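For reference, structure_16.txt (compact mmCIF, C-alpha atoms):
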```txt
# COMPACT_ATOMS: atom_id res chain seq x y z
CA MET I 1 98.50 51.26 130.56
CA ILE I 2 95.67 53.50 129.31
CA LYS I 3 96.82 56.27 131.66
CA TRP I 4 100.35 56.13 130.22
CA PHE I 5 98.96 56.09 126.68
CA PHE I 6 97.19 59.43 127.25
CA ILE I 7 100.28 60.92 128.88
CA ILE I 8 102.34 59.95 125.82
CA MET I 9 99.70 61.15 123.35
CA LEU I 10 99.01 64.50 125.03
CA PRO I 11 102.02 66.33 123.51
CA CYS I 12 101.03 64.99 120.06
CA LEU I 13 97.47 66.24 120.47
CA CYS I 14 98.68 69.67 121.60
CA TRP I 15 101.08 69.87 118.66
CA SER I 16 98.30 68.91 116.24
CA GLN I 17 96.02 71.64 117.62
CA GLU I 18 98.78 74.24 117.43
CA SER I 19 99.61 73.16 113.88
CA THR I 20 96.01 73.66 112.79
CA ILE I 21 95.85 77.10 114.39
CA VAL I 22 99.07 78.18 112.67
CA LYS I 23 97.86 76.91 109.31
CA VAL I 24 94.58 78.80 109.62
CA GLN I 25 96.44 81.97 110.59
CA GLN I 26 98.60 81.59 107.49
CA LEU I 27 95.56 81.07 105.28
CA ILE I 28 93.93 84.23 106.66
CA SER I 29 97.19 86.14 106.21
CA ASN I 30 97.25 85.00 102.55
CA LYS I 31 93.58 86.03 102.12
CA SER I 32 92.47 82.41 101.59
CA TYR I 33 89.48 83.04 103.78
CA LYS I 34 87.20 80.27 102.52
CA LYS I 35 89.89 77.62 102.99
CA ALA I 36 90.54 78.98 106.47
CA GLU I 37 86.84 78.84 107.30
CA ILE I 38 86.49 75.22 106.18
CA LEU I 39 89.51 74.11 108.22
CA ILE I 40 88.80 76.09 111.39
CA SER I 41 85.04 75.45 111.49
CA SER I 42 85.62 71.71 111.70
CA PHE I 43 88.43 72.15 114.21
CA SER I 44 86.39 74.55 116.36
CA ASN I 45 83.37 72.24 116.44
CA ASN I 46 85.60 69.44 117.70
CA ASN I 47 87.33 71.73 120.22
CA PRO I 48 84.51 73.90 121.63
CA ASN I 49 86.63 75.17 124.54
CA ASN I 50 89.38 76.52 122.28
CA LEU I 51 88.44 80.22 122.15
CA HIS I 52 91.36 81.10 119.90
CA ALA I 53 89.99 78.72 117.29
CA LEU I 54 86.53 80.20 117.66
CA GLU I 55 87.97 83.69 117.21
CA LEU I 56 89.76 82.62 114.03
CA TYR I 57 86.49 81.11 112.81
CA GLY I 58 84.86 84.50 113.33
CA ASP I 59 87.73 86.25 111.57
CA SER I 60 87.51 83.94 108.55
CA VAL I 61 83.79 84.58 107.99
CA ALA I 62 84.11 88.31 108.78
CA HIS I 63 86.72 88.68 106.04
CA GLN I 64 84.13 87.19 103.67
CA GLU I 65 81.58 89.78 104.89
CA ASN I 66 79.32 87.09 106.31
CA TRP I 67 78.23 89.44 109.05
CA ASP I 68 75.37 87.37 110.47
CA GLU I 69 77.63 84.42 111.22
CA ALA I 70 80.45 86.68 112.46
CA ILE I 71 78.02 88.39 114.85
CA GLN I 72 76.95 85.05 116.34
CA ILE I 73 80.53 83.85 116.78
CA TYR I 74 81.89 87.04 118.34
CA LYS I 75 78.84 87.34 120.60
CA LYS I 76 79.56 83.83 121.88
CA LEU I 77 83.13 84.88 122.63
CA THR I 78 81.98 87.93 124.62
CA THR I 79 79.66 85.68 126.62
CA GLN I 80 82.43 83.23 127.45
CA GLN I 81 85.00 85.93 128.23
CA PRO I 82 83.08 89.12 129.10
CA ASN I 83 86.22 90.99 130.17
CA ASN I 84 88.08 90.55 126.88
CA ALA I 85 88.12 93.96 125.16
CA ASN I 86 89.14 92.56 121.79
CA TYR I 87 86.15 90.21 121.66
CA HIS I 88 83.78 93.11 122.33
CA TYR I 89 85.57 95.17 119.67
CA LYS I 90 85.16 92.44 117.04
CA TYR I 91 81.54 91.88 118.02
CA GLY I 92 80.85 95.60 117.69
CA GLY I 93 82.72 95.71 114.39
CA SER I 94 80.63 92.96 112.83
CA LEU I 95 77.46 94.69 114.02
CA ALA I 96 78.66 98.00 112.58
CA LYS I 97 79.34 96.38 109.21
CA LYS I 98 75.88 94.82 109.31
CA ILE I 99 74.39 98.28 109.96
CA LEU I 100 76.09 99.65 106.85
CA SER I 101 74.77 96.78 104.71
CA VAL I 102 71.05 97.14 105.51
CA SER I 103 68.37 99.81 105.36
CA LYS I 104 68.11 102.48 108.06
CA LEU I 105 65.00 100.79 109.40
CA LYS I 106 66.72 97.42 109.79
CA ALA I 107 69.83 99.11 111.13
CA LEU I 108 67.89 100.16 114.22
CA ASN I 109 68.02 96.52 115.36
CA TYR I 110 71.82 96.60 115.58
CA VAL I 111 72.86 100.14 116.53
CA GLY I 112 72.37 99.79 120.29
CA ASP I 113 74.31 96.54 120.52
CA ALA I 114 77.15 97.91 118.37
CA LYS I 115 77.51 100.98 120.56
CA ASP I 116 77.39 98.90 123.74
CA ALA I 117 80.06 96.54 122.42
CA PHE I 118 82.46 99.33 121.42
CA LEU I 119 81.90 101.26 124.64
CA LYS I 120 82.47 98.09 126.68
CA ALA I 121 85.73 97.44 124.82
CA ALA I 122 86.82 101.04 125.43
CA GLU I 123 85.95 100.69 129.13
CA LEU I 124 87.82 97.40 129.51
CA ASP I 125 90.95 98.67 127.76
CA PRO I 126 91.71 102.40 128.05
CA ASN I 127 94.44 102.00 125.42
CA HIS I 128 92.48 100.01 122.84
CA ILE I 129 93.24 102.00 119.67
CA GLU I 130 91.06 100.02 117.24
CA THR I 131 87.96 100.48 119.38
CA ARG I 132 88.38 104.24 119.47
CA TRP I 133 88.90 104.33 115.71
CA ALA I 134 85.65 102.37 115.37
CA LEU I 135 83.83 104.84 117.61
CA VAL I 136 85.11 107.81 115.57
CA GLU I 137 83.90 106.20 112.35
CA MET I 138 80.60 105.04 113.78
CA TYR I 139 79.60 108.37 115.27
CA LEU I 140 80.57 110.16 112.04
CA GLN I 141 78.85 107.76 109.65
CA LEU I 142 75.63 107.15 111.55
CA PRO I 143 72.79 109.59 110.81
CA GLY I 144 71.72 111.69 113.77
CA ILE I 145 68.48 109.73 114.02
CA LEU I 146 70.51 106.58 114.67
CA GLY I 147 72.78 108.21 117.22
CA GLY I 148 75.45 109.80 115.05
CA SER I 149 77.34 112.68 116.65
CA ASN I 150 80.26 114.75 115.33
CA LYS I 151 80.99 115.93 118.87
CA LYS I 152 81.34 112.38 120.19
CA ALA I 153 83.42 111.38 117.17
CA TYR I 154 85.86 114.22 117.83
CA GLY I 155 85.97 113.27 121.50
CA TYR I 156 87.22 109.79 120.63
CA ALA I 157 89.71 111.30 118.17
CA ASN I 158 91.08 113.24 121.16
CA GLU I 159 91.27 110.02 123.17
CA LEU I 160 93.22 108.46 120.32
CA GLU I 161 95.64 111.37 120.30
CA ASN I 162 96.27 110.86 124.02
CA ILE I 163 97.06 107.18 123.40
CA SER I 164 98.91 107.54 120.10
CA LYS I 165 99.76 110.86 118.44
CA VAL I 166 99.88 109.23 115.00
CA ASP I 167 96.45 107.64 115.31
CA GLY I 168 95.03 110.80 116.83
CA TYR I 169 96.26 112.93 113.93
CA MET I 170 94.95 110.45 111.36
CA ALA I 171 91.59 110.30 113.15
CA LYS I 172 91.35 114.10 113.14
CA GLY I 173 92.32 114.14 109.47
CA TYR I 174 89.51 111.70 108.80
CA PHE I 175 87.13 113.77 110.94
CA TYR I 176 87.81 116.98 109.04
CA GLU I 177 87.74 115.21 105.68
CA TYR I 178 84.35 113.73 106.52
CA THR I 179 83.01 117.07 107.79
CA LYS I 180 84.22 118.89 104.63
CA ASP I 181 87.13 120.91 105.99
CA PRO I 182 89.93 119.92 103.58
CA GLU I 183 92.53 122.38 104.91
CA LEU I 184 92.41 120.95 108.41
CA ALA I 185 92.17 117.41 107.05
CA GLU I 186 95.37 117.88 105.05
CA LYS I 187 97.07 119.49 108.06
CA TYR I 188 96.42 116.51 110.33
CA TYR I 189 97.16 113.85 107.70
CA LYS I 190 100.51 115.54 107.03
CA MET I 191 101.21 115.72 110.76
CA SER I 192 100.65 111.95 110.98
CA VAL I 193 103.14 111.44 108.14
CA ASP I 194 105.70 113.73 109.79
CA ILE I 195 105.72 111.93 113.14
CA GLY I 196 104.74 108.42 112.01
CA GLY I 197 105.66 107.93 108.37
CA SER I 198 104.08 104.49 108.16
CA LEU I 199 102.51 103.02 105.05
CA THR I 200 99.11 103.73 106.56
CA CYS I 201 99.94 107.41 107.12
CA TYR I 202 101.05 107.87 103.54
CA ASP I 203 98.06 105.91 102.26
CA LYS I 204 95.59 108.11 104.16
CA LEU I 205 97.23 111.26 102.79
CA SER I 206 97.42 110.03 99.18
CA LYS I 207 93.79 108.89 99.22
CA PHE I 208 92.77 112.26 100.64
CA TYR I 209 94.50 114.00 97.72
CA GLN I 210 92.71 111.71 95.28
CA GLN I 211 89.36 112.51 96.87
CA GLN I 212 90.23 116.19 96.53
CA LYS I 213 91.01 115.68 92.81
CA ASN I 214 94.65 116.60 93.33
CA PRO I 215 96.47 113.74 91.58
CA GLU I 216 99.84 115.50 91.42
CA LYS I 217 100.05 115.62 95.22
CA ALA I 218 98.75 112.05 95.41
CA ILE I 219 101.48 110.84 93.03
CA ALA I 220 104.17 112.72 94.95
CA THR I 221 102.94 111.22 98.24
CA ILE I 222 102.90 107.67 96.90
CA GLN I 223 106.38 108.15 95.40
CA THR I 224 107.73 109.33 98.76
CA SER I 225 106.15 106.30 100.44
CA LEU I 226 107.64 104.00 97.79
CA ASP I 227 111.10 105.51 98.25
CA LYS I 228 110.86 104.99 102.00
CA HIS I 229 109.10 101.63 102.27
CA GLN I 230 109.99 99.83 99.02
CA ARG I 231 106.66 97.96 98.88
CA ASN I 232 105.67 96.51 95.51
CA SER I 233 101.99 97.32 96.12
CA LEU I 234 102.92 101.00 95.88
CA HIS I 235 104.06 100.49 92.28
CA TYR I 236 100.47 99.56 91.45
CA GLN I 237 99.02 102.48 93.40
CA LEU I 238 101.27 104.96 91.64
CA GLY I 239 100.54 103.44 88.23
CA ARG I 240 96.82 103.46 88.94
CA VAL I 241 96.73 107.19 89.71
CA CYS I 242 98.80 107.96 86.58
CA ALA I 243 96.40 105.89 84.47
CA GLU I 244 93.22 107.31 85.99
CA TYR I 245 94.27 110.94 85.65
CA ASN I 246 96.25 110.70 82.39
CA LEU I 247 99.41 111.99 84.06
CA HIS I 248 103.09 110.95 83.90
CA LEU I 249 102.15 108.03 81.64
CA ASP I 250 105.71 106.74 81.13
CA LYS I 251 106.24 106.71 84.89
CA GLY I 252 102.92 104.93 85.39
CA GLU I 253 103.78 102.32 82.74
CA GLU I 254 107.16 101.66 84.34
CA CYS I 255 105.60 101.22 87.79
CA LEU I 256 102.91 98.84 86.55
CA ASN I 257 105.43 96.69 84.68
CA THR I 258 107.55 96.53 87.85
CA TYR I 259 104.47 95.55 89.85
CA ILE I 260 103.71 92.68 87.47
CA GLU I 261 107.34 91.50 87.45
CA LYS I 262 107.60 91.44 91.25
CA HIS I 263 104.01 90.40 92.00
CA THR I 264 103.22 87.97 94.81
CA ALA I 265 99.93 87.04 96.50
CA ARG I 266 100.79 89.41 99.35
CA ASP I 267 100.56 92.41 97.03
CA GLY I 268 96.79 92.08 97.13
CA VAL I 269 95.76 93.49 93.75
CA PRO I 270 95.62 90.80 91.02
CA ILE I 271 97.85 91.20 87.98
CA ALA I 272 94.70 91.56 85.86
CA TRP I 273 94.15 95.01 87.34
CA ALA I 274 97.72 96.06 86.55
CA ASN I 275 97.15 94.98 82.93
CA PHE I 276 93.90 96.93 82.92
CA ARG I 277 95.75 100.06 84.06
CA LEU I 278 98.37 99.50 81.35
CA ALA I 279 95.53 99.33 78.83
CA GLN I 280 94.28 102.69 80.14
CA ILE I 281 97.73 104.22 79.80
CA HIS I 282 98.13 103.06 76.19
CA LYS I 283 94.63 104.27 75.39
CA HIS I 284 95.69 107.70 76.66
CA LYS I 285 98.74 107.40 74.41
CA LYS I 286 96.44 106.58 71.46
CA ASP I 287 98.19 103.22 70.99
CA LYS I 288 95.22 101.01 70.16
CA THR I 289 97.29 97.86 69.55
CA LYS I 290 98.99 97.88 72.94
CA ALA I 291 95.83 98.98 74.73
CA LEU I 292 93.97 95.98 73.27
CA LYS I 293 96.85 93.68 74.17
CA TYR I 294 96.70 94.63 77.84
CA VAL I 295 92.93 94.74 78.20
CA ASN I 296 92.77 91.26 76.64
CA LEU I 297 95.35 90.07 79.17
CA ALA I 298 93.17 91.47 81.93
CA LEU I 299 90.09 89.76 80.51
CA SER I 300 91.92 86.44 80.15
CA GLU I 301 92.26 86.39 83.93
CA MET I 302 88.86 87.93 84.75
CA PRO I 303 86.61 87.35 81.71
CA ASN I 304 83.41 88.43 83.48
CA ASN I 305 84.74 91.73 84.82
CA GLU I 306 82.37 94.40 83.50
CA VAL I 307 84.88 97.22 83.98
CA PHE I 308 87.38 95.41 81.76
CA GLN I 309 84.69 94.67 79.18
CA GLU I 310 83.63 98.32 79.03
CA GLU I 311 87.24 99.43 78.68
CA LYS I 312 87.73 97.10 75.72
CA LEU I 313 84.69 98.57 73.98
CA SER I 314 86.09 102.04 74.59
CA ILE I 315 89.49 101.04 73.15
CA LEU I 316 87.87 99.48 70.07
CA GLN I 317 86.28 102.84 69.30
CA LEU I 318 89.68 104.56 69.03
CA PHE I 319 90.25 106.06 65.54
```
If you convert what's in this file into structure tokens, what do you get?
Amino acid sequence: MIKWFFIIMLPCLCWSQESTIVKVQQLISNKSYKKAEILISSFSNNNPNNLHALELYGDSVAHQENWDEAIQIYKKLTTQQPNNANYHYKYGGSLAKKILSVSKLKALNYVGDAKDAFLKAAELDPNHIETRWALVEMYLQLPGILGGSNKKAYGYANELENISKVDGYMAKGYFYEYTKDPELAEKYYKMSVDIGGSLTCYDKLSKFYQQQKNPEKAIATIQTSLDKHQRNSLHYQLGRVCAEYNLHLDKGEECLNTYIEKHTARDGVPIAWANFRLAQIHKHKKDKTKALKYVNLALSEMPNNEVFQEEKLSILQLF
């Protein structure tokens, strides 16, 4: 009788486990990282052999920038499945983020392990794009004393190009931007847009133009991306650049109002920031009443935001 009971209950138990995993994945997708952590930590502790659950546990704490805990979790995964490239990549990624969050002296404790993890992932999977991106960034960002190397970074950008032209071009754009060669950076970012045309390609190019203090090109790039992809988040990005640079204010106002009207949690940026940008636009237009209206709306959602508070003081000083 007991034997038959377990046979009957087994599908129910499997369904319950799968349901929990799906729910956690949805929470992470919706950026509800703390809720995901609470749910998956309990589930993972009760199901220690479920490596997918353990990986999601690591993802939930990594998204919250709890690097110490993420390092421990991903290291455990690499120990249990040493031939899984993705586990080594995530372990190396959490170590790399830890390096960037501490002093150079403390960073020495993590650099070797981060490199080993990324190189192991690259060895295990010759087509692992994310690992090669990580190696490009790591070798560029690390000081020479900690093992940084422009030559090695460019080498992995070449590997990326062999795997994926789009990623290779974006990586080379990033390389030349980081090494202060804006002409070549623009060339490769535009090449990635021409052959890829994804949201990421357009985003890299528009951010490059903003870094180069060329808002007109940034606005044109975001507008082209918006026309092609029809993503509401791009309404905010376009409005933000207009507000920051005091350009095309009517266009920026229209985009921000559209963003607010169509806003969902997936858009990422809270409505408070859209109201803050509208306050900036009306400040540029010397409309103190509307500027105060929108900055107060922003503060009603985020009352402790210092940027919003400073903007209100600036608006109050208008004529």
Taking only C-alpha atoms into account, name the residue in I:Lys120, I:Leu100, I:Ile129, I:Phe175 that is nearest to I:Glu159.
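Closest to I:Glu159, using only C-alpha atoms: I:Ile129.
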Do a neighbour search on I:Phe208 at 8 Å with all atoms listed in the file, toss out local chain neighbours closer than 4 positions, and write the hits as a list of chain:residue names.
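Contacts, with the query itself left out: I:Glu177, I:Glu186, I:Lys204, I:Gln212, I:Ala218.
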Using all atoms listed in the file, collect all residues at a distance of at most 8 Å from (96.0, 110.2, 77.8) as written in the file, then present them as a count of residues only.
10
When distances are computed from only C-alpha atoms, which of I:Pro82, I:Gly197, I:Glu123, I:Lys106 shows the smallest separation from I:Asp227?
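For I:Asp227, the nearest of the candidates is I:Gly197.
Put simply, atom CA of I:Glu130 is 9.5 Å away from atom CA of I:Asp167.
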Neighbour list for I:Pro270 as a PyMOL selection string, cut-off 10 Å, all atoms listed in the file, skip fewer than 5 positions in-chain
chain I and resi 260+263-265+275+298+301-302
With C-alpha atoms retained, write the just-selected residues as a compact mmCIF listing (two decimals), keeping the file's coordinate frame.
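Result file follows (again-v5.txt):
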```txt
# COMPACT_ATOMS: atom_id res chain seq x y z
CA ILE I 260 103.71 92.68 87.47
CA HIS I 263 104.01 90.40 92.00
CA THR I 264 103.22 87.97 94.81
CA ALA I 265 99.93 87.04 96.50
CA ASN I 275 97.15 94.98 82.93
CA ALA I 298 93.17 91.47 81.93
CA GLU I 301 92.26 86.39 83.93
CA MET I 302 88.86 87.93 84.75
```
Can you tell me how far atom CA of I:Ile71 sits from atom CA of I:Glu18, in Å to one decimal?
25.3 Å
7 Å contact set for I:Ile315, all atoms listed in the file, chain neighbours under 3 positions out, as a PyMOL selection string
chain I and resi 283+288+291-292+311-312+318
What does the distance between atom CA of I:Ala157 and atom CA of I:Phe118 come to in Å, to one decimal place?
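Atom CA of I:Ala157 sits 14.4 Å away from atom CA of I:Phe118.
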Around the point (87.3, 84.0, 107.2) in the file's coordinates, collect all residues with an atom within 7 Å, using all atoms listed in the file, and return them as an NGL selection string.
:I and (28 or 33-34 or 36-37 or 57-64)
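Using all atoms listed in the file, the smallest distance between any of I:Arg132, I:Lys217, I:Lys152, I:Lys190 and I:Ala85 comes from I:Arg132.
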Excluding I:Leu56 and any residue of its chain fewer than 2 positions from it, enumerate the residues within 12 Å of it, using only C-alpha atoms, and give them as a ChimeraX atom specification.
/I:20-29,33,36-44,50-54,58-63,70,73-74,77,87,90
